[in-house]
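Dumped work_16.cif below, it's mmCIF, C-alpha atoms:
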```cif
data_data
#
loop_
_atom_site.label_atom_id
_atom_site.label_comp_id
_atom_site.auth_asym_id
_atom_site.auth_seq_id
_atom_site.Cartn_x
_atom_site.Cartn_y
_atom_site.Cartn_z
CA MET A 2 25.45 86.81 -205.06
CA SER A 3 22.24 87.92 -206.81
CA LEU A 4 19.72 87.39 -203.97
CA GLU A 5 17.42 90.38 -203.44
CA ALA A 6 14.55 90.84 -200.95
CA PHE A 7 11.70 93.32 -201.34
CA SER A 8 8.07 94.08 -200.47
CA LEU A 9 5.14 94.86 -202.76
CA THR A 10 1.35 95.04 -203.04
CA LEU A 11 -0.58 94.09 -206.16
CA PRO A 12 -2.51 96.95 -207.82
CA ARG A 13 -6.29 97.19 -207.51
CA ASN A 14 -6.84 96.34 -211.18
CA ALA A 15 -5.27 92.90 -210.61
CA PHE A 16 -8.31 91.74 -208.64
CA SER A 17 -11.64 90.25 -209.63
CA VAL A 18 -15.02 90.81 -208.03
CA ARG A 19 -14.11 87.91 -205.69
CA ASP A 20 -11.19 90.02 -204.40
CA ALA A 21 -8.80 87.43 -205.82
CA ALA A 22 -5.82 88.31 -208.00
CA ARG A 23 -5.90 86.83 -211.48
CA ALA A 24 -3.12 84.41 -212.39
CA GLY A 25 -1.85 86.67 -215.18
CA ASP A 26 -1.51 89.56 -212.74
CA VAL A 27 0.45 87.41 -210.30
CA TRP A 28 2.73 86.70 -213.29
CA ARG A 29 3.03 90.47 -213.82
CA ALA A 30 4.10 90.84 -210.20
CA PHE A 31 6.75 88.18 -210.78
CA GLN A 32 7.93 90.15 -213.80
CA ASP A 33 8.14 93.30 -211.67
CA ALA A 34 10.21 91.31 -209.16
CA ALA A 35 12.60 90.21 -211.91
CA VAL A 36 12.95 93.80 -213.14
CA LEU A 37 13.58 94.99 -209.57
CA GLY A 38 16.16 92.27 -208.98
CA SER A 39 17.94 93.21 -212.20
CA SER A 40 17.77 96.94 -211.47
CA ARG A 41 19.33 96.46 -208.05
CA ARG A 42 22.23 94.68 -209.72
CA GLY A 43 22.81 97.75 -211.91
CA TRP A 44 20.69 96.70 -214.89
CA PRO A 45 17.43 98.68 -215.05
CA PRO A 46 15.42 98.59 -218.31
CA ALA A 47 17.07 101.80 -219.57
CA ARG A 48 20.54 100.21 -219.43
CA TYR A 49 19.40 97.21 -221.47
CA ALA A 50 17.97 99.63 -224.05
CA THR A 51 21.21 101.65 -224.16
CA GLU A 52 23.36 98.53 -224.55
CA GLU A 53 20.92 97.07 -227.11
CA CYS A 54 20.22 93.81 -225.35
CA ALA A 55 17.42 92.17 -223.39
CA PHE A 56 16.20 88.98 -221.78
CA VAL A 57 13.12 87.22 -223.12
CA VAL A 58 11.30 84.37 -221.41
CA ARG A 59 11.68 80.84 -222.78
CA GLN A 60 9.68 79.05 -220.06
CA MET A 61 8.02 79.93 -216.77
CA THR A 62 6.44 77.75 -214.10
CA VAL A 63 4.30 79.11 -211.26
CA VAL A 64 2.70 77.42 -208.26
CA HIS A 65 -0.01 79.30 -206.32
CA HIS A 66 -0.19 78.20 -202.69
CA ARG A 67 -3.35 80.26 -202.27
CA GLU A 68 -5.08 83.20 -203.93
CA THR A 69 -3.84 86.74 -203.29
CA ARG A 70 -6.17 89.28 -201.65
CA PHE A 71 -6.16 93.02 -202.25
CA GLY A 72 -4.07 95.03 -199.82
CA GLU A 73 -1.94 92.14 -198.61
CA ALA A 74 1.65 93.10 -197.88
CA VAL A 75 3.66 90.66 -199.96
CA THR A 76 7.32 90.02 -199.26
CA GLY A 77 9.49 88.50 -201.92
CA ARG A 78 12.88 87.07 -202.71
CA THR A 79 14.48 86.70 -206.12
CA TRP A 80 17.81 85.37 -207.29
CA VAL A 81 19.60 84.09 -210.38
CA GLU A 82 20.00 80.36 -209.88
CA ARG A 83 22.42 79.84 -212.76
CA PHE A 84 23.73 81.12 -216.08
CA ARG A 85 24.50 78.70 -218.92
CA ARG A 86 26.97 79.54 -221.68
CA GLY A 87 26.27 83.23 -221.12
CA LEU A 88 22.95 82.77 -222.93
CA PHE A 89 20.41 81.17 -220.61
CA SER A 90 19.49 82.46 -217.17
CA THR A 91 17.34 80.75 -214.53
CA ARG A 92 15.70 83.14 -212.07
CA GLN A 93 13.67 82.08 -209.05
CA ILE A 94 11.12 84.19 -207.17
CA ARG A 95 9.20 83.55 -203.96
CA PHE A 96 6.21 85.51 -202.62
CA GLU A 97 5.05 85.25 -199.00
CA VAL A 98 2.49 86.93 -196.72
CA ASP A 99 3.25 86.97 -192.98
CA GLY A 100 5.90 84.31 -193.50
CA GLU A 101 3.52 81.90 -195.27
CA PRO A 102 4.06 80.88 -198.91
CA LEU A 103 1.84 82.69 -201.41
CA ALA A 104 3.24 81.86 -204.87
CA ASP A 105 6.52 80.60 -206.34
CA ALA A 106 8.01 81.03 -209.79
CA ILE A 107 10.94 79.80 -211.82
CA GLN A 108 11.77 81.65 -215.02
CA GLU A 109 14.03 80.55 -217.86
CA TRP A 110 15.34 83.55 -219.80
CA VAL A 111 17.43 83.82 -222.96
CA HIS A 112 19.72 86.78 -223.63
CA VAL A 113 19.22 88.54 -226.97
CA ALA A 114 20.81 91.42 -228.84
CA THR A 115 18.31 94.05 -229.98
CA VAL A 116 20.45 95.96 -232.48
CA GLY A 117 18.27 97.71 -235.03
CA GLY A 118 15.13 96.55 -233.27
CA ALA A 119 15.60 92.91 -234.24
CA MET A 120 16.13 90.26 -231.57
CA LYS A 121 18.89 87.70 -232.00
CA VAL A 122 20.14 85.21 -229.42
CA SER A 123 23.50 86.51 -228.26
CA ARG A 124 25.94 85.85 -225.42
CA ALA A 125 25.67 88.34 -222.57
CA SER A 126 28.58 90.69 -221.98
CA ASP A 127 31.13 89.88 -219.31
CA THR A 128 29.98 92.99 -217.44
CA LEU A 129 26.39 91.76 -217.33
CA LEU A 130 27.41 88.25 -216.28
CA ALA A 131 29.55 89.64 -213.47
CA SER A 132 26.53 91.57 -212.17
CA PHE A 133 24.47 88.42 -211.61
CA ALA A 134 26.53 86.05 -209.50
CA GLU A 135 24.81 82.67 -209.31
CA HIS A 136 22.95 81.83 -206.11
CA PRO A 137 22.41 78.06 -206.39
CA THR A 138 19.81 76.44 -204.15
CA ASP A 139 17.99 73.13 -204.00
CA GLU A 140 14.58 74.82 -204.33
CA GLU A 141 12.39 73.79 -207.26
CA VAL A 142 9.08 74.96 -208.70
CA GLU A 143 7.20 72.18 -210.47
CA LEU A 144 3.72 71.42 -211.69
CA PRO A 145 1.85 68.88 -209.55
CA ALA A 146 1.84 65.31 -210.79
CA PHE A 147 -1.34 64.19 -212.49
CA GLU A 148 -3.09 61.20 -213.99
CA ALA A 149 -3.44 61.60 -217.75
CA LEU A 150 -6.85 61.60 -219.44
CA GLU A 151 -6.87 60.71 -223.12
CA GLY A 152 -9.24 61.58 -225.94
CA GLN A 153 -10.85 64.70 -224.47
CA PRO A 154 -12.46 67.26 -226.82
CA GLU A 155 -10.62 70.37 -227.97
CA HIS A 156 -12.10 73.85 -227.49
CA THR A 157 -11.09 76.89 -229.54
CA PHE A 158 -11.15 80.61 -228.80
CA ALA A 159 -10.12 83.09 -231.51
CA PHE A 160 -9.37 86.80 -231.32
CA THR A 161 -7.31 89.59 -232.90
CA THR A 162 -4.60 91.16 -230.74
CA TRP A 163 -4.64 94.88 -230.02
CA PHE A 164 -1.82 97.31 -230.76
CA THR A 165 -2.26 98.69 -227.25
CA TRP A 166 -1.37 95.26 -225.77
CA MET A 167 2.23 95.39 -227.02
CA ASP A 168 5.06 95.55 -224.47
CA PRO A 169 8.45 97.35 -224.57
CA LEU A 170 9.77 94.67 -226.96
CA ASN A 171 6.74 95.22 -229.21
CA HIS A 172 5.06 91.87 -228.66
CA ALA A 173 2.48 90.53 -226.23
CA ASN A 174 4.04 90.45 -222.78
CA HIS A 175 4.53 86.94 -221.44
CA PRO A 176 1.85 87.13 -218.68
CA ALA A 177 -0.71 87.86 -221.42
CA TYR A 178 -0.44 84.24 -222.57
CA VAL A 179 -1.86 83.16 -219.20
CA ASP A 180 -4.68 85.66 -219.73
CA PHE A 181 -5.31 84.16 -223.18
CA ALA A 182 -5.52 80.63 -221.76
CA ASP A 183 -7.70 81.58 -218.79
CA GLU A 184 -10.06 83.51 -221.07
CA ALA A 185 -10.33 80.46 -223.34
CA ILE A 186 -11.24 78.29 -220.32
CA SER A 187 -13.65 80.96 -219.08
CA ARG A 188 -15.49 80.93 -222.42
CA VAL A 189 -16.01 77.18 -222.06
CA LEU A 190 -17.37 77.66 -218.53
CA HIS A 191 -19.69 80.44 -219.65
CA ARG A 192 -21.12 78.32 -222.48
CA CYS A 193 -21.90 75.64 -219.88
CA GLY A 194 -23.77 78.07 -217.64
CA LEU A 195 -20.96 78.31 -215.06
CA ASP A 196 -19.53 81.52 -213.63
CA PRO A 197 -15.95 82.02 -214.89
CA ILE A 198 -15.21 84.31 -211.96
CA GLU A 199 -15.02 81.19 -209.78
CA LEU A 200 -11.97 79.85 -211.67
CA VAL A 201 -9.08 79.40 -209.21
CA PRO A 202 -5.40 79.19 -210.30
CA VAL A 203 -3.35 76.34 -208.84
CA ALA A 204 -0.30 76.22 -211.12
CA GLU A 205 0.77 76.86 -214.69
CA GLN A 206 3.71 76.39 -217.02
CA VAL A 207 4.16 78.15 -220.34
CA LYS A 208 6.78 77.35 -222.96
CA PHE A 209 7.23 80.27 -225.33
CA LYS A 210 7.93 79.59 -229.01
CA SER A 211 7.45 82.94 -230.76
CA GLY A 212 5.97 86.33 -230.01
CA VAL A 213 2.34 87.29 -230.52
CA LEU A 214 2.32 90.60 -232.38
CA ALA A 215 -0.18 93.41 -232.89
CA ALA A 216 -3.11 92.56 -235.19
CA ASP A 217 -2.28 88.84 -235.15
CA GLU A 218 -5.20 86.46 -235.64
CA VAL A 219 -4.76 84.21 -232.61
CA VAL A 220 -6.41 80.90 -231.80
CA VAL A 221 -6.19 79.36 -228.32
CA LYS A 222 -6.86 75.62 -228.26
CA THR A 223 -7.63 74.08 -224.87
CA ARG A 224 -8.10 70.47 -223.84
CA LEU A 225 -8.41 68.60 -220.55
CA ILE A 226 -5.39 66.29 -220.23
CA GLY A 227 -5.55 65.07 -216.63
CA ARG A 228 -6.45 65.40 -212.97
CA THR A 229 -4.14 65.75 -209.99
CA ALA A 230 -4.24 63.57 -206.88
CA VAL A 231 -6.57 66.08 -205.20
CA GLY A 232 -8.83 66.25 -208.26
CA ASP A 233 -7.74 69.54 -209.84
CA ALA A 234 -8.16 69.83 -213.60
CA VAL A 235 -5.03 69.85 -215.76
CA ILE A 236 -5.62 71.70 -219.03
CA GLU A 237 -3.38 72.00 -222.06
CA ALA A 238 -3.49 75.30 -223.95
CA ARG A 239 -1.84 76.05 -227.30
CA VAL A 240 -1.60 79.66 -228.48
CA GLU A 241 -1.32 79.75 -232.27
CA ARG A 242 -1.38 82.14 -235.17
CA PRO A 243 -1.66 80.99 -238.81
CA GLY A 244 1.04 78.40 -239.45
CA GLU A 245 2.84 78.90 -236.14
CA VAL A 246 2.65 77.81 -232.51
CA CYS A 247 3.42 80.78 -230.25
CA ALA A 248 3.20 79.05 -226.88
CA GLU A 249 2.37 75.73 -225.26
CA ALA A 250 0.92 75.85 -221.75
CA VAL A 251 -0.31 73.54 -219.02
CA LEU A 252 -2.67 75.06 -216.46
CA VAL A 253 -3.88 73.45 -213.24
CA ARG A 254 -7.24 74.88 -212.23
CA ARG A 255 -10.22 74.33 -209.96
CA MET A 256 -13.43 76.22 -209.23
CA VAL A 257 -14.24 77.80 -205.88
CA GLY A 258 -16.19 74.71 -204.89
CA GLY A 259 -13.81 72.16 -206.43
CA ALA A 260 -12.83 71.01 -209.90
CA ASP A 261 -15.68 68.66 -210.89
CA ALA A 262 -17.76 71.30 -212.67
CA LEU A 263 -14.69 72.49 -214.58
CA VAL A 264 -13.82 68.94 -215.61
CA HIS A 265 -17.38 68.31 -216.80
CA ALA A 266 -17.34 71.53 -218.82
CA MET A 267 -14.03 70.71 -220.48
CA THR A 268 -15.19 67.19 -221.36
CA GLY A 269 -18.32 68.56 -223.00
CA ARG A 270 -20.62 67.13 -220.36
CA GLY A 271 -21.15 70.38 -218.46
#
```
Would you mind giving the structure from this file in structure tokens?
Amino acid sequence: MSLEAFSLTLPRNAFSVRDAARAGDVWRAFQDAAVLGSSRRGWPPARYATEECAFVVRQMTVVHHRETRFGEAVTGRTWVERFRRGLFSTRQIRFEVDGEPLADAIQEWVHVATVGGAMKVSRASDTLLASFAEHPTDEEVELPAFEALEGQPEHTFAFTTWFTWMDPLNHANHPAYVDFADEAISRVLHRCGLDPIELVPVAEQVKFKSGVLAADEVVVKTRLIGRTAVGDAVIEARVERPGEVCAEAVLVRRMVGGADALVHAMTGRG
């Protein structure tokens, strides 16, 4: 089976002045866990490069049980839940501190061939498939239910991507999309006189459509779409470049003191 256990600590640069890890950096830790799980099964990044193949993320859902503090000893588990048609892999990851849940993730990956530098969906080799025996469980990672809010205003945030942001597959790494969305929300908060540092991650889901590349002119469009039963704000974020949607995200967020100020800001009443 593919179950692997490990320990880790998040790096200092993952933390804000509140000593709270940013959501995007928790996503980077989940990516490190996936790489570690793969490496322990005999597939480190160098082997993928040699065999001209890779996995890219199609969708990822994360639930934060609480914020991560610097220096905490995090224990984790990761496993491949299932493989479908040799193309699509579902990986689950759990982070805990002292036996208490910290954050959970479920990742949907697609296998691609990278011959000549181009990526094309391709069935994984039998050798690769044999290395990741399925470890089925009844565990799920899902966004909290929410009551929809219609007709809320849209906010836009535009920027040009940097060449130095590109990852080993030469596009923006998938946690960066969470950074893009949180920065877009933070700009709204700042315009309303609120401190973006007080933004607290609760959960997020990103569906990836196409890669953001270096020097792309990117627009992030955010809109309040609902509130959860405990009052957290549910925000839709679309990452676009001219003529193309790169990612569609749903983020559940609150502020340190609750979500009301965030909701008011996103509705234009802040």
*Extract, using only C-alpha atoms, all DNA, RNA and protein residues at most 6 Å from Val58 in chain A, discarding same-chain residues fewer than 2 positions from it, and format them as a VMD selection string.*
chain A and resid 60 109 to 110
Per residue of range 48-67 of chain A within 12 Å of range 118-134 of chain A, what are the shortest atom pair and its distance in Å to one decimal, counting all atoms listed in the file, with rows by chain and residue number, as a Markdown table?
```
| residue | atom | partner | partner_atom | distance |
| --- | --- | --- | --- | --- |
| A:Arg48 | CA | A:Leu129 | CA | 10.5 |
| A:Tyr49 | CA | A:Leu129 | CA | 9.8 |
| A:Ala50 | CA | A:Gly118 | CA | 10.1 |
| A:Glu52 | CA | A:Ser126 | CA | 9.8 |
| A:Glu53 | CA | A:Gly118 | CA | 8.5 |
| A:Cys54 | CA | A:Ala125 | CA | 8.2 |
| A:Ala55 | CA | A:Met120 | CA | 8.5 |
| A:Phe56 | CA | A:Val122 | CA | 9.4 |
| A:Val57 | CA | A:Met120 | CA | 9.5 |
| A:Val58 | CA | A:Val122 | CA | 12.0 |
| A:Arg59 | CA | A:Val122 | CA | 11.6 |
```
*On this structure, which residues satisfy the PyMOL selection byres ((chain A and resi 23) around 10), written as a list in words?*
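Going through the file, the PyMOL selection byres ((chain A and resi 23) around 10) ends up selecting Asn14, Ala15, Phe16, Ser17, Asp20, Ala21, Ala22, Ala24, Gly25, Asp26, Val27, Trp28, Arg29, Glu68, Thr69, Val179, Asp180, Asp183, Ile198, Leu200, Val201 and Pro202 of chain A.
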Residues as selected, C-alpha atoms, written as an mmCIF file, in the frame of the given file, can you do that?
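The new file result_15.cif reads:
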```
data_model
loop_
_atom_site.group_PDB
_atom_site.id
_atom_site.type_symbol
_atom_site.label_atom_id
_atom_site.label_comp_id
_atom_site.auth_asym_id
_atom_site.auth_seq_id
_atom_site.Cartn_x
_atom_site.Cartn_y
_atom_site.Cartn_z
ATOM 1 C CA ASN A 14 -6.840 96.340 -211.180
ATOM 2 C CA ALA A 15 -5.270 92.900 -210.610
ATOM 3 C CA PHE A 16 -8.310 91.740 -208.640
ATOM 4 C CA SER A 17 -11.640 90.250 -209.630
ATOM 5 C CA ASP A 20 -11.190 90.020 -204.400
ATOM 6 C CA ALA A 21 -8.800 87.430 -205.820
ATOM 7 C CA ALA A 22 -5.820 88.310 -208.000
ATOM 8 C CA ALA A 24 -3.120 84.410 -212.390
ATOM 9 C CA GLY A 25 -1.850 86.670 -215.180
ATOM 10 C CA ASP A 26 -1.510 89.560 -212.740
ATOM 11 C CA VAL A 27 0.450 87.410 -210.300
ATOM 12 C CA TRP A 28 2.730 86.700 -213.290
ATOM 13 C CA ARG A 29 3.030 90.470 -213.820
ATOM 14 C CA GLU A 68 -5.080 83.200 -203.930
ATOM 15 C CA THR A 69 -3.840 86.740 -203.290
ATOM 16 C CA VAL A 179 -1.860 83.160 -219.200
ATOM 17 C CA ASP A 180 -4.680 85.660 -219.730
ATOM 18 C CA ASP A 183 -7.700 81.580 -218.790
ATOM 19 C CA ILE A 198 -15.210 84.310 -211.960
ATOM 20 C CA LEU A 200 -11.970 79.850 -211.670
ATOM 21 C CA VAL A 201 -9.080 79.400 -209.210
ATOM 22 C CA PRO A 202 -5.400 79.190 -210.300
#
```
*Distance of CA of Thr229 in chain A from CA of Asp196 in chain A, expressed in Å to one decimal place*: 22.3 Å
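With only C-alpha atoms taken into account, the protein and nucleic acid residues at most 10 Å from Thr268 in chain A (excluding it and anything under 5 positions from it in its own chain) are Gly152, Gln153, Pro154, Glu155, His156, Arg224, Leu225, Ile226, Ala262 and Leu263 of chain A.
Considering all atoms listed in the file, the residue among A:Val113, A:Val203, A:Val264, A:Ala248 positioned nearest to Ala177 in chain A is A:Ala248.
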Residues returned when the PyMOL selection byres ((chain A and resi 228) around 9) runs on this file, as an mmCIF file with C-alpha atoms, in the coordinates of the input:
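Saved file expr.cif follows:
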```
data_model
loop_
_atom_site.group_PDB
_atom_site.id
_atom_site.type_symbol
_atom_site.label_atom_id
_atom_site.label_comp_id
_atom_site.auth_asym_id
_atom_site.auth_seq_id
_atom_site.Cartn_x
_atom_site.Cartn_y
_atom_site.Cartn_z
ATOM 1 C CA ALA A 146 1.840 65.310 -210.790
ATOM 2 C CA PHE A 147 -1.340 64.190 -212.490
ATOM 3 C CA GLU A 148 -3.090 61.200 -213.990
ATOM 4 C CA ALA A 149 -3.440 61.600 -217.750
ATOM 5 C CA LEU A 150 -6.850 61.600 -219.440
ATOM 6 C CA LEU A 225 -8.410 68.600 -220.550
ATOM 7 C CA ILE A 226 -5.390 66.290 -220.230
ATOM 8 C CA GLY A 227 -5.550 65.070 -216.630
ATOM 9 C CA THR A 229 -4.140 65.750 -209.990
ATOM 10 C CA ALA A 230 -4.240 63.570 -206.880
ATOM 11 C CA VAL A 231 -6.570 66.080 -205.200
ATOM 12 C CA GLY A 232 -8.830 66.250 -208.260
ATOM 13 C CA ASP A 233 -7.740 69.540 -209.840
ATOM 14 C CA ALA A 234 -8.160 69.830 -213.600
ATOM 15 C CA VAL A 235 -5.030 69.850 -215.760
ATOM 16 C CA ILE A 236 -5.620 71.700 -219.030
ATOM 17 C CA VAL A 253 -3.880 73.450 -213.240
ATOM 18 C CA VAL A 264 -13.820 68.940 -215.610
#
```
_Taking only C-alpha atoms into account, name the residue in A:Phe164, A:Val240, A:Trp44, A:Arg13 that is nearest to Glu184 in chain A._
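Result for the nearest residue to Glu184 in chain A: A:Val240.
Closest approach to Gln108 in chain A among A:His175, A:His66, A:Arg92, A:Arg239 is made by A:Arg92 (distances from all atoms listed in the file).
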Quick one: contact table of range 6-63 of chain A to range 71-80 of chain A, 6 Å max, nearest atom pair and distance in Å to one decimal per residue, counting all atoms listed in the file, chain and number order, as JSON lines?
```
{"residue": "A:Ala6", "atom": "CA", "partner": "A:Arg78", "partner_atom": "CA", "distance": 4.5}
{"residue": "A:Phe7", "atom": "CA", "partner": "A:Gly77", "partner_atom": "CA", "distance": 5.3}
{"residue": "A:Ser8", "atom": "CA", "partner": "A:Thr76", "partner_atom": "CA", "distance": 4.3}
{"residue": "A:Leu9", "atom": "CA", "partner": "A:Val75", "partner_atom": "CA", "distance": 5.3}
{"residue": "A:Thr10", "atom": "CA", "partner": "A:Ala74", "partner_atom": "CA", "distance": 5.5}
```
Take the residues just selected and output them with C-alpha atoms as a short mmCIF file (atom, residue, chain, number, x, y, z; two decimals), keeping the file's coordinate frame.
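The result, stored in again_37.cif:
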```cif
data_model
loop_
_atom_site.label_atom_id
_atom_site.label_comp_id
_atom_site.auth_asym_id
_atom_site.auth_seq_id
_atom_site.Cartn_x
_atom_site.Cartn_y
_atom_site.Cartn_z
CA ALA A 6 14.55 90.84 -200.95
CA PHE A 7 11.70 93.32 -201.34
CA SER A 8 8.07 94.08 -200.47
CA LEU A 9 5.14 94.86 -202.76
CA THR A 10 1.35 95.04 -203.04
#
```
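Here CA of Val111 in chain A stands at a distance of 4.6 Å from CA of Phe89 in chain A.
Distance annotation: of A:Val98, A:Thr138, A:Thr91, A:Thr62, the residue with the minimal separation from Phe209 in chain A is A:Thr62; atom set is all atoms listed in the file.
The spacing separating CA of Glu218 in chain A from CA of Arg254 in chain A amounts to 26.2 Å.
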*Kindly indicate which residue among A:Pro137, A:Gln32, A:Phe160, A:Ala204 lies nearest to Ala104 in chain A, using only C-alpha atoms for the distances.*
A:Ala204
_To test your reading of the syntax: which residues would the PyMOL selection byres ((chain A and resi 159) around 8) return for the file shown? Reply as a list in words._
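In the shown coordinates, the PyMOL selection byres ((chain A and resi 159) around 8) covers Thr157, Phe158, Phe160, Thr161, Glu218, Val219, Val220 and Val221 of chain A.
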*asked:* Env of Pro197 in chain A: 8 Å cut, atoms = all atoms listed in the file, seq-sep filter 5 positions within chain, self excluded. Answer as a ChimeraX atom specification.
replied: /A:187-188,190-191
*Got a sec: who's within 6 Å of range 105-107 of chain A, counting only C-alpha atoms, leaving out chain neighbours fewer than 2 positions off, as a list in words?*
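So the residues in contact are Met61, Thr62, Val63, Val64, Arg92, Gln93, Ile94 and Arg95 of chain A.
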Box in all listed atoms of range 180-183 of chain A, axis-aligned, with 5 Å more on each side; write out centre and edge lengths in Å to one decimal as JSON.
```
{"center_x": -6.2, "center_y": 83.1, "center_z": -221.0, "size_x": 13.0, "size_y": 15.0, "size_z": 14.4}
```
*Between A:Phe181, A:Arg83, A:Arg255, A:Val142, which is the closest to Thr223 in chain A once you count all atoms listed in the file?*
A:Phe181
*Shell of 10 Å around Ser211 in chain A, all atoms listed in the file, local chain residues under 3 positions omitted, as a VMD selection string*: chain A and resid 59 172 208 214 240 to 242 245 to 248
Incomplete range 54-67 of chain A brought to N, CA and C atoms, written out as a tab-separated table (two decimals), in the frame of the given file:
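Final file, rebuild_4.tsv:
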```tsv
chain	number	residue	atom	x	y	z
A	54	CYS	N	20.36	95.22	-225.70
A	54	CYS	CA	20.22	93.81	-225.35
A	54	CYS	C	19.00	93.66	-224.46
A	55	ALA	N	18.59	92.43	-224.21
A	55	ALA	CA	17.42	92.17	-223.39
A	55	ALA	C	17.41	90.70	-223.01
A	56	PHE	N	16.52	90.37	-222.07
A	56	PHE	CA	16.20	88.98	-221.78
A	56	PHE	C	14.75	88.74	-222.16
A	57	VAL	N	14.49	87.62	-222.82
A	57	VAL	CA	13.12	87.22	-223.12
A	57	VAL	C	12.88	85.85	-222.50
A	58	VAL	N	11.63	85.59	-222.13
A	58	VAL	CA	11.30	84.37	-221.41
A	58	VAL	C	11.17	83.19	-222.37
A	59	ARG	N	11.83	82.09	-222.03
A	59	ARG	CA	11.68	80.84	-222.78
A	59	ARG	C	10.65	79.93	-222.13
A	60	GLN	N	10.62	79.90	-220.80
A	60	GLN	CA	9.68	79.05	-220.06
A	60	GLN	C	9.50	79.61	-218.67
A	61	MET	N	8.28	79.47	-218.13
A	61	MET	CA	8.02	79.93	-216.77
A	61	MET	C	7.03	78.99	-216.12
A	62	THR	N	7.31	78.63	-214.88
A	62	THR	CA	6.44	77.75	-214.10
A	62	THR	C	6.08	78.46	-212.80
A	63	VAL	N	4.79	78.44	-212.47
A	63	VAL	CA	4.30	79.11	-211.26
A	63	VAL	C	3.42	78.15	-210.47
A	64	VAL	N	3.57	78.16	-209.16
A	64	VAL	CA	2.70	77.42	-208.26
A	64	VAL	C	2.06	78.43	-207.30
A	65	HIS	N	0.73	78.42	-207.23
A	65	HIS	CA	-0.01	79.30	-206.32
A	65	HIS	C	-0.37	78.50	-205.07
A	66	HIS	N	0.15	78.90	-203.93
A	66	HIS	CA	-0.19	78.20	-202.69
A	66	HIS	C	-1.58	78.59	-202.20
A	67	ARG	N	-1.98	79.79	-202.52
A	67	ARG	CA	-3.35	80.26	-202.27
A	67	ARG	C	-3.55	81.51	-203.11
```
